[in-house]
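Report on the following structure.
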Amino acid sequence: MQKVPQHSVVGVVPTFSAAPDIILVLVRALMVVTLAVMSIPLMVLLYTSVHEGTTVAAEFGWRNFQNVLNSPQFYTTVANTLMLASGSVFVMLVFTLPFAWLYTRTDLPGRPLLLTLLTSNIAIPGFTVAMGYVLLLNPSNGIFNDWLRQFGFAGARLNIYGLGWMIFLQGIALVPPAFFMIAPTLQAIDSSLEEAAAASGVRRLATTLRITLPLAAPAILAATIYYFIIAVETFDYASMLGFPVRIQVVSTWLYQLLNPGNDLPRYGDAAALGVLTTAVALLLGFAFVGATRRASRYVVISGKRREQRLTKLTRIWKIVAWGFIVAYLSFALVLPLLMVIWASLLPYIQPPSWRAMSGITLDAYREALVQLPALAINNAIAMVLVPTIAVASAACIAWIIARSKTPWRGVLDVFVMTAIAVPSIVSALAFVYFGLATYSILPLYGTIGLIVLAMGVRFVTWANRSLSSALNQIHPEAEEACAASGVPRGKAFVFVTLPIIKPAIVFSWFWISLLTLRELTIPVMLARPQSQTISTAIWGFTVAGNADIASALSVILVAFIGTLLLVFGRVTKAISV
């Protein structure tokens with residue numbers, strides 16, 4: 001006699017005498033593989049840091065750490081890195097907090113336009129902004145400095161190569177993503193508190209500083225810690241603005257250890273520096289997790305949610321606010337993009353003039369189009385596979401964390417969350433060793449496959465946060481009903497839960513695809529001649545002094561990203577209907 005399936009109404013897996021839940025087995029297998037891939041490269045990094053020689057056959061020792069700590073450039077590099085990271089975060093907050101407050105708490109006219117402009121700012125990669133300012137302000141032939149000389153100010157010039165400019169440009173580049181992290185929290189704060197303060201005679205500025213911002217403190221602190229780590233790992237500005245004047249930070253030092261020019265790569269020293277950087281970043285990562293988990297202490301408990309009352313700005317303050325926004329966008333988007341477009345049309349850098357316009361040529365675009373097919377193939381592979389790997393892995397992990405009753409799900413959540421604390425430059429370094437150590441078994445080293453794997457795993461944390469938030473908004477009763485009807489959990493996950501969170505999945509996939517297209521740090525560490533991407537080619541042409549070809553490729557890349565943003569907006573609007 002065939003057994004009747006046994007199941008419970010409340011989230012218990014039904015027991016069948018037939019085949020096991022294949023989909024659930026695959027979900028768990030994908031989760032295990034993802035966690036293994038996230039762990040193994042770091043284990044290789046640790047192994048390499050304490051062994052002298054190759055990553056496969058070497059003697060144990062601490063010489064690599066001694067070489068790094070005793071290096072004459074160690075303390076200078078650490079000081080430069082701390083100044084760059086802290087300064088960038090400060091600049092970021094100077095712009096982000098006013099923008100978030102204006103968008104969420106005031107009646108500023110054209111608020112949707114502000115959101116659109118900040119989103120569009122992501123279309124121009126950081127290395128393109130840096131290149132635009134190099135073309136404008138480099139001391140030898142920068143366009144602005146040429147103008148100063150023409151008008152008789154030969155002694156006055158601006159020098160883009162310096163830590164101050166690195167801090168400023170990297171800080172304004174972090175504003176759009178930080179805005180999207182902080183703005184939702186400010187928007188959720190009940191306006192009745194501000195109304196009560198106004199009724200008690202408290203001034204608007206004091207209300208913002210003493211009530212609104214303290215309630216948003218966890219989100220602000222989390223963004224500060226998160227983007228401090230991002231500022232440490234970012235390679236774009238540090239390489240383009242630091243290399244020419246030998247200003248070194250951790251990310252550029254790691255790159256130079258692996259690419260020393262005429263010398264042999266110092267893999268052990270690079271691994272030791274990576275371990276030290278990761279240790280500090282992990283401490284900040286735990287602080288980030290703590291900041292996000294303390295957010296519940298700042299929740300304002302109220303009854304039925306009523307419509308928010310926005311702070312009314314006077315006409316003068318509306319003009320000042322939009323002047324502030326336009327000034328930011330001019331520095332962060334318009335000015336560098338115009339410089340790059342201008343440089344792409346000339347064989348060499350020169351200030352705009354009628355004489356210069358007569359020399360406009362499309363030769364740089366012709367050369368860029370010759371280079372483009374091979375680069376575009378690698379980018380297309382990465383743009384499809386990286387978000388697919390990240391979103392598929394994150395969906396499985398987020399679902400198991402949200403629905404599993406096992407005690408280790410908290411550990412899993414912390415592990416995935418703190419994985420972002422490992423800087424991407426260090427993660428790329430770990431995958432270099434991983435590729436070398438496993439080449440005889442898995443020949444990924446030097447291919448686009450290794451770049452895809454490194455970037456896919458890197459974005460799992462980002463996708464996990466987005467999908468976890470969506471899953472937490474869904475009551476498990478739909479899956480419980482499926483279990484009561486004898487539907488396996490894996491089938492319910494694929495055919496019931498995933499369609500419900502489809503908007504979050506599509507949003508994460510598209511967003512990671514865009515970030516993959518403009519990513520430089522991981523590809524520049526892992527790319528070889530046959531695995532170059534558009535971003536690494538732009539960086540290579542810039543370093544080689546071919547500013548016109550680099551600018552032409554940058555214009556093509558920005559146009560492509562802008563087109564994808566339009567498609568992204570249409571798709572997300574369609575699935576939200």
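Numbering starts fresh at 1 for the residues of each chain in the structure tokens, the chains themselves are lettered A, B, ... in the order given, and ligands are numbered from 1 as they appear.
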Note to self: Residues near segment 544-549 of chain A, anyone? I mean within 10 Å using only C-alpha atoms, not counting same-chain ones fewer than 4 positions away, as an MDAnalysis selection string.
What the structure shows: chainID A and resid 131:132 134:135 340:349 362:369 371 537:540 553:555
Next item on the list: Identify all residues of segment 504-560 of chain A in alpha helix (DSSP H) (DSSP on the backbone) and supply them as a PyMOL selection string.
Entry: chain A and resi 504-518+521-526+534-543+547-560
Next item on the list: Could you give me, as a count of residues only, the residues within 9 Å of segment 458-465 of chain A, counting only C-alpha atoms and dropping anything in the same chain fewer than 5 positions from it?
Entry: 26
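One distance worth recording is that between atom CA of Leu282 of chain A and atom CA of Gly435 of chain A, which is 23.7 Å.
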Item checked: Nearest to Cys396 of chain A by atom-to-atom distance, counting only C-alpha atoms, from A:Thr497, A:Thr516, A:Ser440, A:Thr314 ->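 With only C-alpha atoms as the atom set, the closest residue is A:Thr497.
What separates atom CA of Leu84 of chain A from atom CA of Ile167 of chain A is a distance of 5.3 Å.
Excluding Asn141 of chain A and any residue on its chain fewer than 5 positions from it, the residues at most 12 Å away by only C-alpha atoms are A:Tyr133, A:Val134, A:Leu135, A:Leu136, A:Asp146, A:Trp147, A:Leu148, A:Arg149, A:Arg157, A:Leu158, A:Asn159, A:Ile160, A:Tyr348, A:Ile349, A:Gln350, A:Pro351.
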